[in-house]
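Peer 1: query.txt is the file, holding compact mmCIF, C-alpha atoms:
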```
# COMPACT_ATOMS: atom_id res chain seq x y z
CA HIS N 4 15.00 -43.45 -60.20
CA GLN N 5 16.16 -39.84 -60.50
CA ASP N 6 19.22 -38.88 -58.52
CA GLN N 7 18.86 -41.27 -55.62
CA ARG N 8 21.47 -40.89 -52.91
CA LEU N 9 22.88 -43.63 -50.69
CA VAL N 10 24.64 -42.52 -47.52
CA PHE N 11 27.04 -44.28 -45.16
CA VAL N 12 27.85 -42.54 -41.86
CA SER N 13 30.53 -44.04 -39.63
CA ARG N 14 34.21 -44.14 -38.88
CA LEU N 15 35.90 -45.59 -41.96
CA VAL N 16 37.59 -48.49 -40.19
CA PRO N 17 37.76 -52.24 -40.97
CA ARG N 18 34.58 -54.34 -40.69
CA LYS N 19 32.18 -51.39 -41.00
CA GLY N 20 31.14 -52.65 -44.45
CA MET N 21 32.24 -49.75 -46.65
CA TRP N 22 34.25 -51.97 -49.03
CA GLU N 23 31.28 -54.27 -49.59
CA LEU N 24 29.07 -51.22 -50.03
CA LEU N 25 31.45 -49.78 -52.63
CA GLU N 26 31.38 -53.08 -54.56
CA ALA N 27 27.57 -53.16 -54.29
CA PHE N 28 27.46 -49.58 -55.61
CA ILE N 29 29.49 -50.63 -58.68
CA LEU N 30 26.94 -53.42 -59.32
CA LEU N 31 24.01 -51.01 -58.88
CA LYS N 32 25.39 -48.26 -61.15
CA GLN N 33 24.68 -50.35 -64.26
CA ARG N 34 20.96 -50.41 -63.39
CA TYR N 35 20.72 -47.01 -61.66
CA PRO N 36 23.08 -44.65 -63.54
CA GLU N 37 21.88 -41.63 -61.50
CA LEU N 38 22.67 -43.27 -58.14
CA SER N 39 25.21 -41.53 -55.91
CA LEU N 40 27.01 -42.64 -52.75
CA TYR N 41 28.14 -40.45 -49.86
CA PHE N 42 30.67 -41.62 -47.28
CA VAL N 43 30.46 -39.46 -44.14
CA GLY N 44 33.23 -39.90 -41.59
CA ASP N 45 36.94 -40.43 -41.57
CA GLY N 46 39.24 -43.17 -40.38
CA SER N 47 42.08 -45.52 -41.28
CA GLU N 48 40.44 -46.79 -44.49
CA MET N 49 39.69 -43.35 -45.98
CA GLU N 50 42.81 -43.04 -48.17
CA LEU N 51 42.47 -46.61 -49.47
CA LEU N 52 38.80 -46.03 -50.33
CA VAL N 53 39.55 -42.75 -52.11
CA SER N 54 42.36 -44.47 -54.06
CA ALA N 55 40.09 -47.37 -55.06
CA VAL N 56 37.37 -44.98 -56.29
CA THR N 57 39.96 -42.98 -58.27
CA GLU N 58 41.73 -46.03 -59.75
CA LYS N 59 38.47 -47.79 -60.73
CA ASN N 60 37.08 -44.47 -62.00
CA ILE N 61 33.86 -44.94 -60.02
CA ARG N 62 31.57 -41.97 -60.66
CA ASP N 63 29.25 -40.29 -58.17
CA VAL N 64 31.05 -41.25 -54.95
CA THR N 65 31.59 -38.37 -52.51
CA PHE N 66 33.81 -38.47 -49.45
CA CYS N 67 32.61 -35.89 -46.93
CA GLY N 68 35.17 -36.67 -44.22
CA TYR N 69 34.35 -35.66 -40.69
CA VAL N 70 31.41 -33.24 -40.60
CA SER N 71 29.62 -31.23 -37.90
CA ALA N 72 26.36 -32.51 -36.42
CA GLU N 73 24.46 -29.91 -38.48
CA GLU N 74 26.17 -30.93 -41.73
CA LYS N 75 25.55 -34.60 -40.99
CA ALA N 76 21.84 -33.92 -40.34
CA GLN N 77 21.57 -32.05 -43.66
CA ILE N 78 23.33 -34.85 -45.58
CA LEU N 79 20.93 -37.41 -44.05
CA LEU N 80 17.89 -35.26 -44.90
CA ASP N 81 19.16 -34.91 -48.50
CA SER N 82 19.64 -38.69 -48.88
CA ASP N 83 17.27 -41.49 -49.86
CA LEU N 84 18.71 -44.57 -48.20
CA PHE N 85 21.09 -45.20 -45.29
CA VAL N 86 23.40 -48.19 -45.83
CA PHE N 87 25.42 -49.51 -42.89
CA PRO N 88 26.49 -53.14 -43.57
CA THR N 89 28.65 -53.40 -40.45
CA SER N 90 30.11 -56.57 -38.99
CA TYR N 91 31.98 -54.58 -36.33
CA GLY N 92 30.95 -55.24 -32.72
CA GLU N 93 28.56 -52.31 -32.48
CA GLY N 94 26.53 -51.30 -29.47
CA CYS N 95 23.66 -49.34 -30.94
CA PRO N 96 25.16 -47.08 -33.61
CA ALA N 97 24.05 -43.46 -33.18
CA SER N 98 24.27 -43.03 -36.96
CA LEU N 99 21.52 -45.63 -37.46
CA LEU N 100 19.18 -43.81 -35.05
CA GLU N 101 20.04 -40.47 -36.71
CA ALA N 102 19.28 -41.90 -40.16
CA MET N 103 15.97 -43.31 -38.91
CA ALA N 104 15.11 -39.95 -37.30
CA ALA N 105 15.77 -38.31 -40.69
CA GLY N 106 13.19 -40.71 -42.15
CA LEU N 107 15.65 -42.83 -44.12
CA PRO N 108 14.94 -46.47 -44.87
CA CYS N 109 18.06 -48.38 -43.77
CA VAL N 110 20.04 -51.40 -44.90
CA THR N 111 22.06 -52.83 -42.02
CA THR N 112 22.98 -56.01 -40.12
CA SER N 113 21.92 -57.74 -36.90
CA ILE N 114 25.26 -57.11 -35.18
CA GLY N 115 25.40 -55.97 -31.54
CA GLY N 116 22.54 -53.76 -30.39
CA ILE N 117 21.07 -53.11 -33.84
CA PRO N 118 18.20 -55.66 -33.46
CA ASP N 119 17.10 -53.76 -30.32
CA VAL N 120 16.09 -50.77 -32.45
CA PHE N 121 15.74 -52.18 -35.97
CA THR N 122 13.18 -54.63 -37.37
CA ASP N 123 13.65 -56.21 -40.80
CA LYS N 124 11.11 -54.94 -43.38
CA GLU N 125 9.67 -52.41 -40.89
CA ASN N 126 12.74 -50.13 -40.73
CA GLY N 127 14.40 -51.29 -43.96
CA VAL N 128 16.40 -54.42 -44.69
CA MET N 129 18.44 -56.42 -42.21
CA LEU N 130 21.12 -58.29 -44.12
CA ASP N 131 21.71 -61.91 -43.12
CA GLU N 132 25.14 -61.84 -44.75
CA VAL N 133 27.42 -58.94 -45.68
CA ASN N 134 28.53 -59.26 -49.28
CA PRO N 135 28.22 -56.95 -52.30
CA GLU N 136 25.47 -59.02 -53.95
CA ASN N 137 23.26 -59.07 -50.83
CA ILE N 138 23.77 -55.35 -50.23
CA ALA N 139 23.00 -54.51 -53.88
CA ALA N 140 19.87 -56.72 -53.82
CA ALA N 141 18.61 -55.07 -50.60
CA ILE N 142 19.18 -51.57 -51.99
CA ALA N 143 17.57 -52.42 -55.36
CA GLY N 144 14.58 -54.00 -53.60
CA LEU N 145 13.96 -50.75 -51.74
CA LEU N 146 14.71 -48.40 -54.66
CA ASP N 147 12.27 -50.33 -56.87
CA ASP N 148 9.43 -50.10 -54.34
CA ALA N 149 8.54 -46.43 -53.82
CA ALA N 150 5.46 -47.26 -51.73
CA SER N 151 7.51 -49.38 -49.34
CA MET N 152 10.22 -46.68 -49.17
CA ASN N 153 7.56 -44.11 -48.17
CA THR N 154 6.00 -46.36 -45.54
CA ILE N 155 9.39 -47.22 -44.02
CA SER N 156 10.41 -43.57 -44.10
CA GLU N 157 7.31 -42.53 -42.12
CA THR N 158 7.73 -45.43 -39.68
CA ASN N 159 11.40 -44.60 -39.05
CA ARG N 160 10.73 -40.91 -38.54
CA LYS N 161 7.87 -41.59 -36.12
CA VAL N 162 9.42 -44.50 -34.20
CA SER N 163 12.80 -42.85 -33.71
CA TRP N 164 11.28 -39.58 -32.50
CA ASP N 165 8.80 -41.34 -30.22
CA LYS N 166 11.27 -43.84 -28.82
CA TYR N 167 14.71 -42.30 -28.98
CA GLU N 168 14.39 -38.54 -29.11
CA ALA N 169 16.41 -37.18 -26.17
CA HIS N 170 13.45 -35.64 -24.32
CA SER N 171 11.35 -38.78 -24.48
CA VAL N 172 14.31 -40.91 -23.32
CA ALA N 173 14.96 -38.45 -20.46
CA ASP N 174 11.25 -38.47 -19.52
CA ARG N 175 11.12 -42.27 -19.51
CA MET N 176 14.26 -42.46 -17.35
CA ALA N 177 12.88 -39.84 -14.96
CA ASN N 178 9.62 -41.80 -14.65
CA ARG N 179 11.58 -44.99 -13.91
CA TYR N 180 13.59 -43.22 -11.22
CA ARG N 181 10.40 -41.80 -9.72
CA SER N 182 8.80 -45.26 -9.55
CA VAL N 183 11.96 -46.78 -8.02
CA LEU N 184 12.16 -43.99 -5.44
CA ALA N 185 8.44 -44.32 -4.67
CA ALA N 186 8.90 -48.07 -4.11
CA ILE N 187 11.85 -47.47 -1.79
CA ALA N 188 9.93 -44.85 0.22
CA ILE N 189 7.17 -47.33 1.06
```
Taking this structure as input, can you express it in the form of structure tokens?
Peer 2:
Amino acid sequence: HQDQRLVFVSRLVPRKGMWELLEAFILLKQRYPELSLYFVGDGSEMELLVSAVTEKNIRDVTFCGYVSAEEKAQILLDSDLFVFPTSYGEGCPASLLEAMAAGLPCVTTSIGGIPDVFTDKENGVMLDEVNPENIAAAIAGLLDDAASMNTISETNRKVSWDKYEAHSVADRMANRYRSVLAAIAI
């Protein structure tokens, strides 16, 4: 359990799950003293989160703020687990696809379009309820199972590049258009 890094990438706004994640992190630190947590993004909750971390003297939490696409990609590649316990009405969050493309096992929810791209156990853990205990249990379950983490990591890297990489999406759309146009021409 050396230096494992959790990462959250999103706007820091209500109902994105960062407060529950922070509470889960506090629970996990007792068992995983080397664990760190990175919040990537900014938003209305940033100052409150920073204050809470400072007041509670929570170690190993880093606030990256808004970062460039390149910086975000590097942070994801340097991380071990993507945690996004959102209850916000998401479409399909780009950050989830980016984390999967970086080969990160993910802990997330079934809100909005997430179930369209994310399968429980195959891509990580889909939480049935967002609370600190559930989040901590999902993270611990993954951190304690290196073989599963590796399998999920490979699956996420492969699936996201095969299915969602821009060129393959563009090719699939072009093929659809071609078949529609061919049908019209008949």
Peer 1: What lies within 7 Å of Gly20 of chain N using all atoms listed in the file, ignoring chain neighbours under 5 positions off, as JSON, numbers by chain?
Peer 2: {"N": [87, 88, 89, 90]}
Peer 1: Write out the residues from the selection above, keeping C-alpha atoms, as a compact mmCIF listing (two decimals), in the frame of the given file.
Peer 2:
```
# COMPACT_ATOMS: atom_id res chain seq x y z
CA PHE N 87 25.42 -49.51 -42.89
CA PRO N 88 26.49 -53.14 -43.57
CA THR N 89 28.65 -53.40 -40.45
CA SER N 90 30.11 -56.57 -38.99
```
Peer 1: Might you pull out every residue within 10 Å of segment 50-59 of chain N, with all atoms listed in the file counted and same-chain residues fewer than 4 positions away left off, and present them as a count of residues only?
Peer 2: 12
Peer 1: Please determine the residues with any atom at most 12 Å from (30.7, -32.6, -39.3) (coordinates as given in the file, with all atoms listed in the file counting) and report them as a tab-separated table (two decimals) with C-alpha atoms, in the frame of the given file.
Peer 2:
```tsv
chain	number	residue	atom	x	y	z
N	12	VAL	CA	27.85	-42.54	-41.86
N	13	SER	CA	30.53	-44.04	-39.63
N	43	VAL	CA	30.46	-39.46	-44.14
N	44	GLY	CA	33.23	-39.90	-41.59
N	45	ASP	CA	36.94	-40.43	-41.57
N	67	CYS	CA	32.61	-35.89	-46.93
N	68	GLY	CA	35.17	-36.67	-44.22
N	69	TYR	CA	34.35	-35.66	-40.69
N	70	VAL	CA	31.41	-33.24	-40.60
N	71	SER	CA	29.62	-31.23	-37.90
N	72	ALA	CA	26.36	-32.51	-36.42
N	73	GLU	CA	24.46	-29.91	-38.48
N	74	GLU	CA	26.17	-30.93	-41.73
N	75	LYS	CA	25.55	-34.60	-40.99
N	76	ALA	CA	21.84	-33.92	-40.34
N	77	GLN	CA	21.57	-32.05	-43.66
N	78	ILE	CA	23.33	-34.85	-45.58
N	79	LEU	CA	20.93	-37.41	-44.05
```
Peer 1: Specify the axis-aligned box that encloses all atoms of segment 105-116 of chain N listed in the file after padding of 4 Å on each side, stating its centre and edge lengths in Å to one decimal as lines of an AutoDock Vina configuration file.
Peer 2:
```
center_x = 19.3
center_y = -48.0
center_z = -37.6
size_x = 20.2
size_y = 27.4
size_z = 22.5
```
Peer 1: In Å, how far is it from atom CA of Glu37 of chain N to atom CA of Ala139 of chain N?
Peer 2: 15.0 Å
Peer 1: Considering all atoms listed in the file, return as a list in words whatever protein or nucleic-acid residues lie within 8 Å of Leu84 of chain N, sequence-local ones (same chain, fewer than 4 positions apart) excluded.
Peer 2: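 With the cut-off at 8 Å, the set is Arg8, Leu9, Val10, Leu107, Pro108, Cys109, Val110 and Ile142 of chain N.
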Peer 1: I'd like to know which of N:Ile61, N:Val162, N:Met152, N:Leu130 is closest to Ala104 of chain N, using only C-alpha atoms.
Peer 2: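 With only C-alpha atoms as the atom set, the closest residue is N:Val162.
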Peer 1: Restricting the calculation to all atoms listed in the file: of N:Glu157, N:Asp119, N:Glu48, N:Asp147, which residue gets closest to Tyr35 of chain N?
Peer 2: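 So, comparing all the options, the nearest one is N:Asp147.
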Peer 1: Determine the nearest neighbour of Leu24 of chain N from the options N:Ala141, N:Met129, N:Leu99, N:Ala105, counting only C-alpha atoms.
Peer 2: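 Smallest separation from Leu24 of chain N among the options: N:Ala141.
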Peer 1: Quick check, in Å to one decimal: how far apart do atom CA of Ala140 of chain N and atom CA of Tyr91 of chain N lie?
Peer 2: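 That distance, rounded to one decimal, is 21.4 Å.
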Peer 1: To one decimal place in Å, what is the distance between atom CA of Asp123 of chain N and atom CA of Ala102 of chain N?
Peer 2: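 Distance reported for this atom pair: 15.4 Å.
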Peer 1: My list of candidates is N:Gly127, N:Pro17, N:Pro96, N:Gly115. Which is closest to Leu146 of chain N when distances are computed with all atoms listed in the file?
Peer 2: N:Gly127
Peer 1: Ranking N:Ser82, N:Lys19, N:Lys166, N:Arg14 by minimum distance to Thr112 of chain N and counting all atoms listed in the file, which one comes first?
Peer 2: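 Of N:Ser82, N:Lys19, N:Lys166, N:Arg14, the one nearest Thr112 of chain N, counting all atoms listed in the file, is N:Lys19.
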